[in-house]
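Below: entry.tsv (TSV, C-alpha atoms and all ligand atoms)
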```tsv
chain	number	residue	atom	x	y	z
A	1	PHE	CA	0.00	0.00	0.00
A	2	SER	CA	1.28	3.45	-0.81
A	3	PRO	CA	0.95	6.17	1.82
A	4	ASP	CA	-0.30	8.39	-1.04
A	5	ASP	CA	-3.40	6.20	-1.24
A	6	VAL	CA	-3.78	4.86	2.24
A	7	THR	CA	-3.87	6.73	5.56
A	8	VAL	CA	-3.12	4.52	8.56
A	9	ILE	CA	-3.76	5.63	12.12
A	10	PHE	CA	-2.74	3.28	14.93
A	11	VAL	CA	-4.99	3.35	17.99
A	12	LEU	CA	-3.19	2.39	21.21
A	13	GLY	CA	-3.96	2.36	24.92
A	14	GLY	CA	-4.16	-0.18	27.72
A	15	PRO	CA	-6.75	-2.96	27.91
A	16	GLY	CA	-10.12	-1.31	28.46
A	17	ALA	CA	-8.90	2.22	27.75
A	18	GLY	CA	-11.74	2.65	25.24
A	19	LYS	CA	-10.03	2.09	21.90
A	20	GLY	CA	-12.91	0.15	20.35
A	21	THR	CA	-15.53	2.59	21.66
A	22	GLN	CA	-13.75	5.62	20.17
A	23	CYS	CA	-13.02	3.87	16.88
A	24	ALA	CA	-16.74	3.12	16.48
A	25	ASN	CA	-17.46	6.86	16.87
A	26	LEU	CA	-14.79	7.78	14.35
A	27	VAL	CA	-16.25	5.30	11.85
A	28	SER	CA	-19.78	6.61	12.15
A	29	LYS	CA	-18.83	10.30	11.98
A	30	HIS	CA	-15.74	10.33	9.77
A	31	GLY	CA	-15.96	7.25	7.61
A	32	PHE	CA	-12.77	5.52	8.67
A	33	THR	CA	-12.43	1.78	8.22
A	34	HIS	CA	-11.93	0.23	11.66
A	35	LEU	CA	-9.75	-2.86	11.99
A	36	SER	CA	-9.26	-4.23	15.52
A	37	ALA	CA	-6.31	-6.61	15.68
A	38	GLY	CA	-7.92	-8.34	18.67
A	39	ASP	CA	-11.23	-8.80	16.81
A	40	LEU	CA	-9.41	-10.19	13.77
A	41	LEU	CA	-7.51	-12.64	15.98
A	42	ARG	CA	-10.72	-13.74	17.74
A	43	ALA	CA	-12.39	-14.27	14.35
A	44	GLU	CA	-9.42	-16.29	13.09
A	45	GLN	CA	-9.55	-18.36	16.29
A	46	GLU	CA	-13.17	-19.29	15.49
A	47	ARG	CA	-12.63	-19.87	11.76
A	48	PRO	CA	-13.08	-23.56	10.96
A	49	GLY	CA	-9.87	-25.01	9.60
A	50	SER	CA	-7.63	-22.27	10.96
A	51	GLN	CA	-4.19	-23.63	11.84
A	52	PHE	CA	-3.79	-20.87	14.45
A	53	GLY	CA	-6.96	-21.39	16.53
A	54	ASP	CA	-5.38	-23.07	19.54
A	55	LEU	CA	-2.36	-20.81	19.54
A	56	ILE	CA	-4.46	-17.63	19.48
A	57	ARG	CA	-6.78	-18.96	22.22
A	58	ASP	CA	-3.81	-19.63	24.48
A	59	TYR	CA	-2.07	-16.29	23.87
A	60	ILE	CA	-5.22	-14.22	24.39
A	61	LYS	CA	-6.19	-15.94	27.63
A	62	ASN	CA	-2.70	-15.24	28.96
A	63	GLY	CA	-2.55	-11.67	27.72
A	64	LEU	CA	0.44	-12.42	25.51
A	65	ILE	CA	1.18	-11.03	22.06
A	66	VAL	CA	0.44	-13.52	19.27
A	67	PRO	CA	3.47	-13.97	16.94
A	68	MET	CA	3.47	-10.97	14.65
A	69	GLU	CA	3.35	-12.83	11.33
A	70	VAL	CA	-0.18	-13.99	12.12
A	71	THR	CA	-1.52	-10.57	13.07
A	72	VAL	CA	0.21	-8.60	10.33
A	73	GLN	CA	-1.14	-11.01	7.72
A	74	LEU	CA	-4.69	-10.73	9.10
A	75	LEU	CA	-4.49	-6.94	9.02
A	76	GLU	CA	-3.06	-6.86	5.51
A	77	ASN	CA	-5.81	-9.18	4.26
A	78	ALA	CA	-8.49	-7.08	5.95
A	79	MET	CA	-7.12	-3.87	4.38
A	80	THR	CA	-7.07	-5.49	0.95
A	81	ASP	CA	-10.64	-6.73	1.39
A	82	ALA	CA	-11.89	-3.33	2.56
A	83	LEU	CA	-10.34	-1.55	-0.43
A	84	ALA	CA	-11.71	-4.17	-2.84
A	85	LYS	CA	-15.18	-3.73	-1.36
A	86	SER	CA	-15.04	0.05	-1.66
A	87	GLY	CA	-13.78	-0.25	-5.24
A	88	SER	CA	-11.09	2.36	-4.56
A	89	ARG	CA	-7.33	2.43	-4.19
A	90	LYS	CA	-7.69	5.01	-1.45
A	91	GLY	CA	-8.72	4.40	2.13
A	92	ARG	CA	-8.38	5.63	5.72
A	93	PHE	CA	-7.78	2.97	8.34
A	94	LEU	CA	-7.91	2.91	12.12
A	95	ILE	CA	-5.77	0.00	13.24
A	96	ASP	CA	-6.97	-0.65	16.80
A	97	GLY	CA	-4.84	-2.40	19.42
A	98	PHE	CA	-1.81	-2.71	17.17
A	99	PRO	CA	1.20	-2.55	17.15
A	100	ARG	CA	1.70	-3.64	20.75
A	101	LYS	CA	5.29	-4.88	20.40
A	102	MET	CA	8.22	-3.21	18.62
A	103	ASP	CA	8.75	-6.06	16.16
A	104	GLN	CA	5.14	-5.69	14.95
A	105	ALA	CA	5.58	-1.96	14.44
A	106	HIS	CA	8.67	-2.40	12.28
A	107	LYS	CA	7.20	-5.30	10.32
A	108	PHE	CA	3.93	-3.52	9.54
A	109	GLU	CA	5.60	-0.28	8.48
A	110	GLU	CA	8.01	-2.21	6.24
A	111	ALA	CA	5.61	-4.73	4.73
A	112	VAL	CA	2.32	-2.81	4.67
A	113	CYS	CA	2.41	0.94	5.21
A	114	PRO	CA	3.86	3.52	7.61
A	115	ALA	CA	1.42	5.07	10.08
A	116	LYS	CA	0.60	8.73	9.72
A	117	LEU	CA	-0.42	9.25	13.35
A	118	VAL	CA	-0.92	7.27	16.54
A	119	LEU	CA	-3.84	7.92	18.90
A	120	PHE	CA	-2.92	6.99	22.46
A	121	TYR	CA	-5.69	6.65	25.03
A	122	ASP	CA	-4.17	7.27	28.43
A	123	CYS	CA	-5.97	5.60	31.34
A	124	PRO	CA	-4.94	4.44	34.83
A	125	GLU	CA	-5.08	0.72	35.58
A	126	ASP	CA	-7.72	0.97	38.31
A	127	VAL	CA	-10.15	2.63	35.88
A	128	MET	CA	-9.44	0.08	33.14
A	129	GLU	CA	-9.79	-2.82	35.56
A	130	LYS	CA	-13.21	-1.64	36.71
A	131	ARG	CA	-14.42	-1.30	33.11
A	132	LEU	CA	-13.14	-4.73	32.10
A	133	LEU	CA	-14.56	-6.56	35.12
A	134	GLU	CA	-17.92	-4.88	34.46
A	135	ARG	CA	-17.81	-5.83	30.78
A	136	GLY	CA	-16.72	-9.35	31.75
A	137	LYS	CA	-20.15	-10.01	33.27
A	138	THR	CA	-21.61	-10.19	29.75
A	139	SER	CA	-18.80	-10.04	27.14
A	140	GLY	CA	-17.97	-13.73	26.99
A	141	ARG	CA	-14.35	-12.71	26.38
A	142	SER	CA	-11.97	-15.31	27.76
A	143	ASP	CA	-9.62	-12.55	28.97
A	144	ASP	CA	-12.13	-10.38	30.88
A	145	ASN	CA	-11.38	-11.98	34.26
A	146	ALA	CA	-9.17	-10.76	37.11
A	147	GLU	CA	-6.27	-13.10	36.35
A	148	SER	CA	-6.13	-12.46	32.60
A	149	ILE	CA	-6.56	-8.72	33.17
A	150	ARG	CA	-3.52	-8.71	35.45
A	151	LYS	CA	-1.49	-10.45	32.74
A	152	ARG	CA	-2.75	-8.05	30.04
A	153	PHE	CA	-1.69	-5.08	32.18
A	154	ARG	CA	1.79	-6.53	32.66
A	155	THR	CA	2.23	-7.09	28.93
A	156	PHE	CA	1.00	-3.57	28.25
A	157	VAL	CA	3.52	-1.97	30.60
A	158	GLU	CA	6.49	-4.16	29.65
A	159	THR	CA	5.95	-4.70	25.94
A	160	SER	CA	3.48	-2.19	24.54
A	161	MET	CA	4.45	1.06	26.28
A	162	PRO	CA	7.86	1.00	24.53
A	163	VAL	CA	5.92	1.21	21.24
A	164	VAL	CA	4.09	4.30	22.51
A	165	ASP	CA	7.43	5.82	23.57
A	166	TYR	CA	8.89	5.07	20.15
A	167	TYR	CA	6.09	6.90	18.33
A	168	GLU	CA	6.31	9.74	20.82
A	169	LYS	CA	9.93	10.25	19.73
A	170	GLU	CA	8.79	10.13	16.10
A	171	GLY	CA	6.36	12.97	16.88
A	172	LYS	CA	3.37	10.89	15.82
A	173	ILE	CA	1.53	10.48	19.12
A	174	ILE	CA	-1.76	12.18	19.88
A	175	LYS	CA	-2.37	11.58	23.58
A	176	VAL	CA	-5.97	11.68	24.79
A	177	ASP	CA	-7.14	11.43	28.40
A	178	ALA	CA	-9.41	8.37	28.41
A	179	THR	CA	-10.91	8.76	31.88
A	180	ALA	CA	-13.78	11.12	31.00
A	181	THR	CA	-17.17	10.01	29.64
A	182	PRO	CA	-17.06	8.42	26.17
A	183	ASP	CA	-18.65	11.56	24.66
A	184	LYS	CA	-16.05	13.86	26.18
A	185	VAL	CA	-13.20	11.58	25.13
A	186	PHE	CA	-14.61	11.66	21.61
A	187	VAL	CA	-14.79	15.46	21.50
A	188	ASN	CA	-11.10	15.60	22.46
A	189	THR	CA	-10.22	12.89	19.94
A	190	GLU	CA	-11.96	14.71	17.11
A	191	LYS	CA	-10.37	18.02	18.02
A	192	SER	CA	-6.80	16.68	18.09
A	193	LEU	CA	-7.28	14.57	15.01
A	194	THR	CA	-8.66	17.36	12.83
A	195	GLU	CA	-5.85	19.65	13.97
A	196	ARG	CA	-3.29	17.10	12.85
A	197	LEU	CA	-4.94	15.68	9.74
A	198	GLY	CA	-6.09	19.06	8.42
A	201	LIG	N1	-15.84	2.15	28.20
A	201	LIG	C1	-15.16	2.57	27.10
A	201	LIG	N2	-14.89	3.90	27.19
A	201	LIG	C2	-15.40	4.30	28.39
A	201	LIG	C3	-15.42	5.58	29.05
A	201	LIG	N3	-14.88	6.69	28.51
A	201	LIG	N4	-16.00	5.64	30.26
A	201	LIG	C4	-16.56	4.53	30.84
A	201	LIG	N5	-16.58	3.31	30.25
A	201	LIG	C5	-15.99	3.20	29.04
A	201	LIG	O1	-14.04	-0.45	26.29
A	201	LIG	C6	-13.91	-1.36	27.36
A	201	LIG	C7	-15.12	-1.24	28.27
A	201	LIG	O2	-15.13	0.05	28.87
A	201	LIG	C8	-16.45	-1.37	27.53
A	201	LIG	O3	-17.36	-2.00	28.35
A	201	LIG	C9	-16.85	0.09	27.27
A	201	LIG	O4	-18.24	0.25	27.17
A	201	LIG	C10	-16.29	0.79	28.48
A	201	LIG	P1	-13.45	-0.75	24.83
A	201	LIG	O5	-13.83	0.38	23.96
A	201	LIG	O6	-13.79	-2.11	24.43
A	201	LIG	O7	-11.88	-0.65	25.19
A	201	LIG	P2	-10.64	-1.26	24.44
A	201	LIG	O8	-9.51	-0.34	24.72
A	201	LIG	O9	-10.97	-1.56	23.03
A	201	LIG	O10	-10.47	-2.60	25.31
A	201	LIG	P3	-10.08	-4.07	24.86
A	201	LIG	O11	-10.52	-4.95	25.98
A	201	LIG	O12	-10.55	-4.37	23.51
A	201	LIG	O13	-8.51	-3.90	24.88
A	201	LIG	P4	-7.36	-4.90	24.65
A	201	LIG	O14	-6.31	-4.07	24.08
A	201	LIG	O15	-7.01	-5.64	25.87
A	201	LIG	O16	-8.00	-6.01	23.68
A	201	LIG	P5	-7.69	-6.40	22.18
A	201	LIG	O17	-8.91	-7.01	21.65
A	201	LIG	O18	-7.07	-5.29	21.46
A	201	LIG	O19	-6.58	-7.54	22.39
A	201	LIG	C11	-6.89	-8.72	23.08
A	201	LIG	C12	-5.73	-9.66	23.05
A	201	LIG	O20	-5.44	-10.03	21.71
A	201	LIG	C13	-4.41	-9.14	23.59
A	201	LIG	O21	-4.33	-9.20	25.00
A	201	LIG	C14	-3.42	-10.10	22.93
A	201	LIG	O22	-3.40	-11.34	23.59
A	201	LIG	C15	-4.06	-10.30	21.56
A	201	LIG	N6	-3.47	-9.39	20.55
A	201	LIG	C16	-2.26	-9.76	19.99
A	201	LIG	O23	-1.70	-10.80	20.32
A	201	LIG	N7	-1.70	-8.96	19.03
A	201	LIG	C17	-2.27	-7.79	18.63
A	201	LIG	O24	-1.69	-7.11	17.76
A	201	LIG	C18	-3.51	-7.41	19.21
A	201	LIG	C19	-4.08	-8.24	20.17
A	202	MG	MG	-10.94	-3.33	21.83
```
Would it be possible to restate this file's structure as structure tokens?
Ligand code: UP5
Ligand code: MG
Amino acid sequence: FSPDDVTVIFVLGGPGAGKGTQCANLVSKHGFTHLSAGDLLRAEQERPGSQFGDLIRDYIKNGLIVPMEVTVQLLENAMTDALAKSGSRKGRFLIDGFPRKMDQAHKFEEAVCPAKLVLFYDCPEDVMEKRLLERGKTSGRSDDNAESIRKRFRTFVETSMPVVDYYEKEGKIIKVDATATPDKVFVNTEKSLTERLG
């Protein structure tokens, strides 16, 4: 994909920071295509005949990062499909929950497309934990339980924050306080994004 045709925005933040919620708003108001790496992995896990089902199930339950080849390929396929469906070479993508490890960031930017900007939803762990435990009552997600949440937080701090720091140095980070109500977080997201995208 050429950056002349395709705009990629990575959407990062801890587990439960509100990435998916804000991406849904950006899709409905600004026509982005939303691709959640976690959703793509969960779909692949359920796909009959997938050779990665058991591996993905195990990694997600333990809050670990699935080997990057799998995730990068799923994202690349989803981008290709979305462009084919729209019948255009051009597209604007929100890549949600990715990259969460430095090797993924390098691989994606090399093999697929460099990111234009990175939205980072900043949220303290106690707030995220409360949201995830609440959601866990009905979500059916295998990782919305106290033990998996603890593991997800550890991976975020140790493995994913270095990615945020890397993009900060590149001057690509837009940091948004994720503790307010979803509507307020969205107002701030829109404001910063329009300033930077023009
Ligand atoms: N909520 C949202 N915003 C709120 C607000 N402002 N105020 C109050 N409540 C708010 O929101 C979470 C919950 O909080 C919801 O109930 C929502 O209503 C409420 P959501 O928008 O879903 O937050 P999000 O940040 O998307 O949380 P999610 O749980 O999806 O984050 P994760 O990053 O943990 O999950 P993801 O699906 O991205 O990844 C899951 C796993 O997949 C990873 O742990 C990993 O094992 C694997 N993975 C990889 O291996 N590689 C990848 O590249 C990506 C994922
Ligand atoms: Mg999500």
With 3 Å of padding per side, what axis-aligned box (centre and edge lengths, Å, one decimal) covers all the listed atoms of stretch 128-142 of chain A? Give it as JSON.
```
{"center_x": -15.5, "center_y": -7.6, "center_z": 31.5, "size_x": 18.2, "size_y": 21.4, "size_z": 16.3}
```
Problem set entry | A:Pro182, A:His30, A:Leu132, A:Leu75 ranked by distance to A:Asp144, top pick (using all atoms listed in the file) | A:Leu132
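Counting from atom CA of A:Thr179, the distance to atom CA of A:Phe153 is 16.6 Å.
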Exercise. In Å, how far is it from atom CA of A:Pro114 to atom CA of A:Thr7?
Worked result: 8.6 Å
For this session: For ligand LIG 201 (chain A), collect every residue having any atom at a distance of at most 6 Å from a ligand atom (counting only C-alpha atoms and all ligand atoms); output as a VMD selection string.
Result: chain A and resid 14 to 21 37 to 39 59 to 60 63 to 66 71 97 to 100 131 to 132 135 152 178 to 182
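Reported to one decimal place, the separation of atom CA of A:Ile56 from atom CA of A:Thr155 is 15.7 Å.
Of the residues under consideration (A:Tyr167, A:Arg141, A:Glu110, A:Ala82), A:Arg141 shows the shortest atom-to-atom contact distance to ligand MG 202 (chain A) when counting only C-alpha atoms and all ligand atoms.
With distances restricted to only C-alpha atoms, A:Ile95 is the closest residue to A:Ile9 from A:Met79, A:Leu40, A:Cys123, A:Ile95.
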